[in-house]
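Trainee: File follows, input04.txt with compact mmCIF, C-alpha atoms and all ligand atoms:
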```
# COMPACT_ATOMS: atom_id res chain seq x y z
CA MET A 1 200.19 64.55 303.74
CA ASP A 2 198.73 65.56 307.11
CA LYS A 3 197.40 63.35 309.89
CA ALA A 4 193.83 63.65 308.59
CA GLY A 5 194.95 62.21 305.24
CA TRP A 6 195.10 65.33 303.06
CA TYR A 7 197.86 66.13 300.57
CA THR A 8 198.15 69.92 300.36
CA GLU A 9 200.15 72.01 297.91
CA GLU A 10 200.38 75.59 299.16
CA TRP A 11 200.96 78.57 296.90
CA ALA A 12 202.23 80.83 299.64
CA ASP A 13 202.72 83.92 297.47
CA GLN A 14 199.11 83.63 296.33
CA GLY A 15 197.64 82.80 299.75
CA SER A 16 195.96 79.71 298.37
CA ALA A 17 196.36 75.95 298.15
CA ILE A 18 194.90 72.75 296.80
CA SER A 19 194.16 69.70 298.91
CA LEU A 20 193.40 66.16 297.80
CA ARG A 21 192.27 63.51 300.27
CA VAL A 22 194.78 60.70 300.15
CA LYS A 23 194.35 57.00 300.90
CA ASP A 24 198.04 56.16 300.91
CA LYS A 25 201.52 57.23 299.88
CA VAL A 26 202.73 54.39 297.67
CA HIS A 27 206.16 55.61 296.52
CA ASP A 28 208.81 58.02 297.74
CA GLU A 29 212.28 58.48 296.26
CA ARG A 30 214.89 61.16 295.75
CA SER A 31 216.35 61.03 292.27
CA PRO A 32 219.55 62.96 291.47
CA TYR A 33 217.26 65.82 290.36
CA GLN A 34 214.11 65.86 292.48
CA HIS A 35 211.87 64.31 295.13
CA ILE A 36 209.37 61.98 293.41
CA GLU A 37 206.28 60.95 295.38
CA ILE A 38 203.23 58.92 294.38
CA TYR A 39 199.95 58.96 296.30
CA GLU A 40 196.69 57.10 295.87
CA THR A 41 193.99 59.73 296.33
CA GLU A 42 190.37 59.16 297.20
CA THR A 43 188.82 60.84 294.12
CA PHE A 44 191.62 61.81 291.70
CA GLY A 45 193.25 58.38 291.29
CA THR A 46 197.03 58.23 291.35
CA LEU A 47 198.93 61.48 291.97
CA MET A 48 202.59 62.21 291.13
CA THR A 49 204.36 65.11 292.78
CA LEU A 50 207.86 66.42 292.05
CA ASP A 51 209.49 68.39 294.86
CA GLY A 52 206.07 68.59 296.52
CA LEU A 53 204.28 70.04 293.46
CA VAL A 54 201.43 68.29 291.63
CA MET A 55 202.51 67.03 288.20
CA VAL A 56 199.87 64.49 287.20
CA THR A 57 196.69 62.97 288.52
CA ASP A 58 194.76 60.19 286.81
CA ARG A 59 191.60 62.26 286.80
CA ASP A 60 192.56 65.52 285.12
CA ASN A 61 195.85 64.98 283.22
CA PHE A 62 193.98 64.46 279.93
CA VAL A 63 193.19 68.17 279.65
CA TYR A 64 196.83 69.23 280.01
CA HIS A 65 198.30 66.55 277.76
CA GLU A 66 195.76 67.10 274.98
CA MET A 67 196.23 70.88 275.08
CA MET A 68 200.02 70.61 275.07
CA SER A 69 199.91 68.58 271.86
CA HIS A 70 196.86 68.76 269.58
CA PRO A 71 196.59 72.56 269.05
CA ALA A 72 200.16 72.58 267.68
CA LEU A 73 199.80 69.33 265.74
CA PHE A 74 196.57 70.49 264.08
CA THR A 75 198.10 73.90 263.30
CA HIS A 76 201.20 72.52 261.56
CA GLN A 77 200.31 71.42 258.02
CA ALA A 78 202.45 68.24 258.05
CA PRO A 79 203.87 67.37 261.49
CA ARG A 80 206.39 64.55 260.99
CA ARG A 81 209.29 65.10 263.38
CA VAL A 82 208.45 66.19 266.93
CA LEU A 83 210.72 66.98 269.90
CA ILE A 84 209.32 66.88 273.45
CA ILE A 85 211.48 68.48 276.16
CA GLY A 86 210.65 67.18 279.65
CA GLY A 87 207.34 65.32 279.56
CA GLY A 88 208.71 62.43 281.63
CA ASP A 89 205.28 61.10 282.60
CA CYS A 90 204.84 60.39 278.86
CA GLY A 91 201.24 61.67 278.61
CA THR A 92 202.13 64.27 275.98
CA LEU A 93 204.11 61.66 274.03
CA ARG A 94 201.05 59.40 273.96
CA GLU A 95 198.91 62.22 272.50
CA VAL A 96 201.52 63.16 269.86
CA LEU A 97 201.74 59.54 268.71
CA LYS A 98 197.98 59.47 268.08
CA HIS A 99 198.77 61.44 264.91
CA ASP A 100 199.52 58.91 262.16
CA GLU A 101 201.50 61.42 260.10
CA VAL A 102 204.07 61.76 262.91
CA GLU A 103 207.08 59.64 261.92
CA HIS A 104 209.58 60.32 264.70
CA VAL A 105 209.41 61.72 268.23
CA ASP A 106 212.45 62.47 270.39
CA GLN A 107 211.52 62.95 274.04
CA VAL A 108 214.35 64.49 276.05
CA GLU A 109 213.68 64.23 279.78
CA LEU A 110 216.30 65.22 282.33
CA ASP A 111 215.29 62.67 284.95
CA GLU A 112 214.97 59.04 283.86
CA ARG A 113 213.44 58.16 287.25
CA VAL A 114 210.31 60.24 286.45
CA THR A 115 209.67 58.06 283.41
CA ARG A 116 210.45 54.79 285.19
CA VAL A 117 208.11 55.71 288.06
CA ALA A 118 205.41 56.77 285.56
CA GLU A 119 205.76 53.43 283.75
CA ARG A 120 204.96 51.72 287.03
CA PHE A 121 202.21 53.97 288.39
CA PHE A 122 200.73 55.54 285.23
CA PRO A 123 200.90 52.66 282.71
CA GLU A 124 198.11 54.17 280.58
CA LEU A 125 200.16 57.37 280.05
CA CYS A 126 203.14 55.25 279.02
CA ALA A 127 201.11 52.99 276.71
CA ALA A 128 202.81 54.38 273.59
CA ASN A 129 206.39 54.25 274.91
CA ASP A 130 207.13 51.11 272.88
CA ASP A 131 205.86 52.68 269.66
CA PRO A 132 208.78 52.38 267.20
CA ARG A 133 208.41 56.12 266.41
CA ALA A 134 209.14 57.05 270.05
CA HIS A 135 212.76 57.67 271.06
CA LEU A 136 213.35 58.36 274.76
CA HIS A 137 216.53 60.18 275.77
CA PHE A 138 217.52 61.13 279.31
CA GLN A 139 219.55 64.32 279.37
CA ASP A 140 219.21 68.08 279.61
CA GLY A 141 216.82 69.39 276.95
CA ILE A 142 218.66 72.72 276.75
CA ARG A 143 221.85 70.93 275.69
CA TRP A 144 219.90 68.68 273.27
CA VAL A 145 218.42 71.66 271.42
CA ALA A 146 221.76 73.52 271.35
CA ASP A 147 223.30 70.45 269.66
CA ALA A 148 220.35 69.70 267.32
CA GLU A 149 220.80 69.80 263.55
CA PRO A 150 219.33 73.01 262.08
CA GLY A 151 215.85 72.41 260.64
CA SER A 152 215.52 68.94 262.15
CA TYR A 153 212.05 69.26 263.75
CA ASP A 154 208.56 70.35 262.73
CA ILE A 155 207.31 70.88 266.29
CA ILE A 156 209.02 71.37 269.65
CA ILE A 157 206.87 70.86 272.77
CA VAL A 158 208.30 72.09 276.08
CA ASP A 159 206.47 70.03 278.72
CA SER A 160 208.53 71.22 281.64
CA THR A 161 208.31 71.81 285.35
CA ASP A 162 207.97 75.38 286.68
CA PRO A 163 210.66 77.90 285.64
CA ILE A 164 213.02 77.17 288.52
CA GLY A 165 216.13 74.97 288.79
CA PRO A 166 216.94 72.98 285.63
CA ALA A 167 213.72 74.12 283.92
CA ALA A 168 214.47 77.87 284.28
CA GLY A 169 216.49 77.96 281.04
CA LEU A 170 213.56 76.41 279.14
CA PHE A 171 211.76 79.79 279.41
CA GLY A 172 214.62 81.99 278.18
CA GLN A 173 215.39 83.68 274.88
CA ALA A 174 218.69 81.82 274.35
CA PHE A 175 216.85 78.48 274.49
CA TYR A 176 214.12 79.76 272.14
CA ALA A 177 216.78 80.93 269.69
CA ASP A 178 218.22 77.41 269.65
CA CYS A 179 214.68 76.01 269.14
CA HIS A 180 214.18 78.45 266.24
CA ARG A 181 217.33 77.10 264.60
CA ALA A 182 216.33 73.46 265.26
CA LEU A 183 212.91 73.92 263.63
CA ARG A 184 212.17 73.78 259.92
CA ALA A 185 210.93 76.97 258.21
CA ASP A 186 207.29 76.07 258.97
CA GLY A 187 208.11 74.96 262.52
CA ILE A 188 206.06 75.52 265.66
CA ILE A 189 207.10 75.71 269.31
CA VAL A 190 204.72 75.29 272.24
CA GLY A 191 205.61 75.43 275.92
CA GLN A 192 203.61 75.13 279.11
CA SER A 193 203.26 78.69 280.40
CA GLU A 194 201.78 78.40 283.89
CA SER A 195 198.59 80.06 285.18
CA PRO A 196 197.01 83.02 283.34
CA LEU A 197 195.68 84.28 286.67
CA PHE A 198 198.80 83.85 288.83
CA HIS A 199 201.58 84.16 286.26
CA ALA A 200 200.45 86.63 283.57
CA SER A 201 203.79 88.46 283.81
CA LEU A 202 205.62 85.20 283.07
CA ILE A 203 203.41 84.69 280.00
CA LYS A 204 204.26 88.23 278.89
CA ALA A 205 207.99 87.56 279.37
CA MET A 206 207.61 84.34 277.36
CA HIS A 207 205.93 86.23 274.49
CA GLU A 208 208.78 88.76 274.51
CA ALA A 209 211.47 86.08 274.64
CA LEU A 210 209.85 84.14 271.76
CA ARG A 211 209.57 87.30 269.65
CA GLY A 212 213.15 88.19 270.59
CA ALA A 213 214.18 84.79 269.21
CA ASN A 214 212.45 85.66 265.90
CA PHE A 215 209.30 83.61 266.41
CA LEU A 216 206.11 85.18 264.99
CA ASP A 217 202.42 84.71 265.66
CA VAL A 218 202.89 84.15 269.40
CA ALA A 219 199.63 83.13 271.10
CA THR A 220 198.57 81.57 274.40
CA VAL A 221 195.94 78.84 274.73
CA HIS A 222 194.30 78.39 278.10
CA PHE A 223 192.38 75.58 279.69
CA PRO A 224 191.13 74.38 283.07
CA GLN A 225 193.54 72.31 285.13
CA CYS A 226 191.99 71.98 288.53
CA THR A 227 195.02 70.51 290.34
CA TYR A 228 197.50 73.19 289.18
CA PRO A 229 197.85 76.62 290.84
CA SER A 230 194.62 78.65 290.41
CA GLY A 231 192.98 75.74 288.57
CA TRP A 232 193.64 77.46 285.24
CA TRP A 233 196.64 76.76 283.03
CA SER A 234 198.13 77.77 279.70
CA ALA A 235 200.46 76.86 276.87
CA THR A 236 202.15 79.43 274.65
CA MET A 237 202.65 78.65 270.98
CA ALA A 238 204.64 80.42 268.28
CA ARG A 239 205.50 79.86 264.63
CA LYS A 240 208.53 80.72 262.53
CA ASP A 241 206.35 81.81 259.62
CA ALA A 242 203.09 83.64 260.32
CA THR A 243 202.00 83.67 256.67
CA LEU A 244 201.32 79.94 256.52
CA ALA A 245 197.89 78.33 256.75
CA GLY A 246 196.74 77.74 260.32
CA PHE A 247 194.30 75.43 262.04
CA ARG A 248 193.53 72.25 260.00
CA GLU A 249 189.92 72.29 261.14
CA GLN A 250 188.66 69.61 258.75
CA ALA A 251 191.46 67.23 259.75
CA CYS A 252 190.62 67.90 263.38
CA HIS A 253 186.93 67.07 262.80
CA GLU A 254 187.90 63.90 260.92
CA ARG A 255 190.62 62.74 263.34
CA ALA A 256 190.64 58.97 263.73
CA PHE A 257 191.54 58.99 267.43
CA ALA A 258 189.69 59.73 270.63
CA THR A 259 190.20 62.82 272.77
CA ARG A 260 188.41 63.70 275.99
CA TYR A 261 188.82 67.48 276.08
CA TYR A 262 190.22 68.72 272.78
CA ASN A 263 188.07 69.19 269.69
CA ALA A 264 187.71 71.82 266.97
CA GLY A 265 185.52 74.08 269.10
CA ILE A 266 187.92 73.90 272.04
CA HIS A 267 190.84 74.64 269.68
CA GLN A 268 189.26 77.89 268.52
CA ALA A 269 187.94 78.90 271.94
CA ALA A 270 191.25 78.22 273.71
CA PHE A 271 193.03 80.89 271.64
CA ALA A 272 190.57 83.63 272.69
CA CYS A 273 192.56 85.96 274.91
CA PRO A 274 190.89 87.10 278.18
CA GLU A 275 190.78 90.91 278.47
CA PHE A 276 193.18 91.17 281.44
CA LEU A 277 195.73 88.97 279.69
CA PHE A 278 195.30 90.88 276.44
CA LYS A 279 196.11 94.11 278.32
CA THR A 280 199.09 92.49 280.07
CA LEU A 281 200.47 91.31 276.74
CA LEU A 282 200.15 94.72 275.03
N1 LIG B 301 202.70 68.58 283.71
C1 LIG B 301 203.72 69.19 284.49
C2 LIG B 301 203.42 70.60 284.90
O1 LIG B 301 203.12 71.47 284.08
O2 LIG B 301 203.49 70.87 286.10
C3 LIG B 301 205.03 69.07 283.83
C4 LIG B 301 205.37 67.66 283.49
S1 LIG B 301 206.78 67.04 284.31
C5 LIG B 301 206.83 65.45 283.73
C6 LIG B 301 208.06 67.98 283.59
C7 LIG B 301 209.40 67.31 283.48
O3 LIG B 301 210.35 68.27 282.99
C8 LIG B 301 210.00 66.74 284.76
O4 LIG B 301 209.97 65.35 284.71
C9 LIG B 301 211.43 67.30 284.79
O5 LIG B 301 212.39 66.34 285.14
C10 LIG B 301 211.62 67.76 283.36
N2 LIG B 301 212.64 68.80 283.15
C11 LIG B 301 212.87 69.90 283.90
N3 LIG B 301 213.92 70.60 283.41
C12 LIG B 301 214.35 69.92 282.31
C13 LIG B 301 215.39 70.13 281.36
N4 LIG B 301 216.22 71.19 281.45
N5 LIG B 301 215.54 69.23 280.35
C14 LIG B 301 214.71 68.16 280.25
N6 LIG B 301 213.71 67.91 281.12
C15 LIG B 301 213.53 68.77 282.15
```
Do you think you could lay out the structure here as structure tokens?

Mentor:
Amino acid sequence: MDKAGWYTEEWADQGSAISLRVKDKVHDERSPYQHIEIYETETFGTLMTLDGLVMVTDRDNFVYHEMMSHPALFTHQAPRRVLIIGGGDCGTLREVLKHDEVEHVDQVELDERVTRVAERFFPELCAANDDPRAHLHFQDGIRWVADAEPGSYDIIIVDSTDPIGPAAGLFGQAFYADCHRALRADGIIVGQSESPLFHASLIKAMHEALRGANFLDVATVHFPQCTYPSGWWSATMARKDATLAGFREQACHERAFATRYYNAGIHQAAFACPEFLFKTLL
């Protein structure tokens, strides 16, 4: 935060940045894993940063959390057991629990302090944390998946930080192979995959690693996320069995819960691959 009251996150390698005008910094702590800061901004509500990088703002987190969850949950034919890796702000968990057919969610977040701080400053994202179907665990997600019973989940959602430090392994083939084993035969994995514009080569590497781990039908959804690098973000999804039925469009139209970004049209449009990304992924 500078003297004029702006929070700025610089993307030095891309020669660009985002700035949000800030009213106040309301929390600052160093957990065993990262630097957690909370700001009150002038127009984006509350902002959480981890190690100086924007994670969540009140104003635009709905796009990310809905796109990390509903495309996978409306593609799986009967999503009952879900694993979320990371996701400590609990916004993705809240979206997953909107699906009545979900019976059990394990959320495995490395840093308990992220969740405790979110409970205090983002209570609406944590509104479903007391749902009896939600089980919060605080440990390394890579270890959790390595130890998971084979075929114990329908969907794995990797809602992680950028691929550095403890999150780096969440983008690798060895982790995906463990996820493949932990999923049932009709299982789906989805992971946040950074910016299509800035990180297309990372998305390509993710596709290759998922295929290398025997996942099929690898596809990237993309969506606007104005407070993340380039303002454009993505999630990459893959299935164990590509012959199964896909998008449950009717169920999506008839869903009994509210969304603010996701709907059936967005679902279909989000899978359309921009030409430059298509060529990168060839
Ligand atoms: N929305 C954010 C984004 O895309 O920038 C990501 C959400 S943030 C809550 C991601 C979380 O992943 C962090 O709280 C971090 O502690 C957690 N995380 C990073 N590496 C992890 C690991 N190996 N196991 C479990 N959680 C991890």

Trainee: Hey, could you pull the box centre and edge lengths for region 43-61 of chain A, axis-aligned, 4 Å padding per side, all listed atoms, to one decimal in Å, as AutoDock Vina command-line options?

Mentor:
```
--center_x 199.2 --center_y 64.1 --center_z 289.9 --size_x 28.7 --size_y 19.8 --size_z 21.3
```

Trainee: Residues within 7 Å of ligand LIG 301 (chain B), counting all atoms listed in the file: report them as number ranges by chain.

Mentor: A: 54-56, 64, 85-89, 108-111, 114, 139-142, 159-162, 166-167, 169-170, 192

Trainee: What is the distance, in Å and to one decimal place, between CA of Arg184 (chain A) and CA of Tyr153 (chain A)?

Mentor: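 Those two atoms sit 5.9 Å apart.
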
Trainee: Please identify all polymer residues lying at most 10 Å from the point (199.8, 83.4, 285.0) (file coordinates), using all atoms listed in the file, and present the result as a count of residues only.

Mentor: 18

Trainee: Do you know which residues are at most 12 Å from Ala4 (chain A) counting all atoms listed in the file, after dropping those on the same chain fewer than 6 positions away, and could you put them as a VMD selection string?

Mentor: chain A and resid 19 to 24

Trainee: Mind listing whatever residues come within 12 Å of the point (203.2, 53.0, 271.0)? Use only C-alpha atoms, file coordinates, and give them as a list in words.

Mentor: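 In the file's frame, the residues around the point are Cys90, Gly91, Leu93, Arg94, Glu95, Val96, Leu97, Lys98, His99, Asp100, Val102, Glu103, His104, Val105, Pro123, Glu124, Leu125, Cys126, Ala127, Ala128, Asn129, Asp130, Asp131, Pro132, Arg133, Ala134 and His135 of chain A.
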
Trainee: Hey, which of A:Thr41, A:Thr57, A:Ser69, A:Gln34 ends up closest to Arg113 (chain A)? Count only C-alpha atoms.

Mentor: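 Checking each candidate against Arg113 (chain A), we get A:Gln34 as the closest.
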
Trainee: Would you mind reading off the distance between CA of Pro163 (chain A) and CA of Ala118 (chain A), one decimal, in Å?

Mentor: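 Rounded to one decimal, the two atoms are 21.8 Å apart.
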
Trainee: Using all atoms listed in the file, find the one residue out of A:Glu208, A:Glu29, A:Glu66, A:Asp147 that sits nearest to Ile266 (chain A).

Mentor: A:Glu66

Trainee: For Ala242 (chain A), list every protein, DNA or RNA residue within 7 Å, evaluated using all atoms listed in the file, and leave out those in the same chain fewer than 2 positions away; present the list as a PDB file with C-alpha atoms, keeping the file's coordinate frame.

Mentor:
```
ATOM      1  CA  LEU A 216     206.110  85.180 264.990  1.00  0.00           C
ATOM      2  CA  ASP A 217     202.420  84.710 265.660  1.00  0.00           C
ATOM      3  CA  ARG A 239     205.500  79.860 264.630  1.00  0.00           C
ATOM      4  CA  LYS A 240     208.530  80.720 262.530  1.00  0.00           C
ATOM      5  CA  LEU A 244     201.320  79.940 256.520  1.00  0.00           C
TER       6      LEU A 244
END
```

Trainee: CA of Phe44 (chain A) and CA of Asp58 (chain A) are how many Å apart?

Mentor: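 Straight-line distance from CA of Phe44 (chain A) to CA of Asp58 (chain A) works out to 6.0 Å.
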
Trainee: Considering only C-alpha atoms, can you say which of A:Glu254, A:Asp154, A:Glu112, A:Asp51 comes closest to Arg81 (chain A)?

Mentor: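 The answer is A:Asp154, which sits nearest to Arg81 (chain A).
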
Trainee: Between A:His180, A:His35, A:Arg255, A:Arg30, single out the one closest to Ile155 (chain A), counting only C-alpha atoms.

Mentor: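 Of A:His180, A:His35, A:Arg255, A:Arg30, the one nearest Ile155 (chain A) is A:His180, counting only C-alpha atoms.
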
Trainee: Pick out the closest residue to Leu282 (chain A) from this set: A:Ala148, A:Tyr176, A:Ala205, A:Arg143. Count all atoms listed in the file.

Mentor: A:Ala205
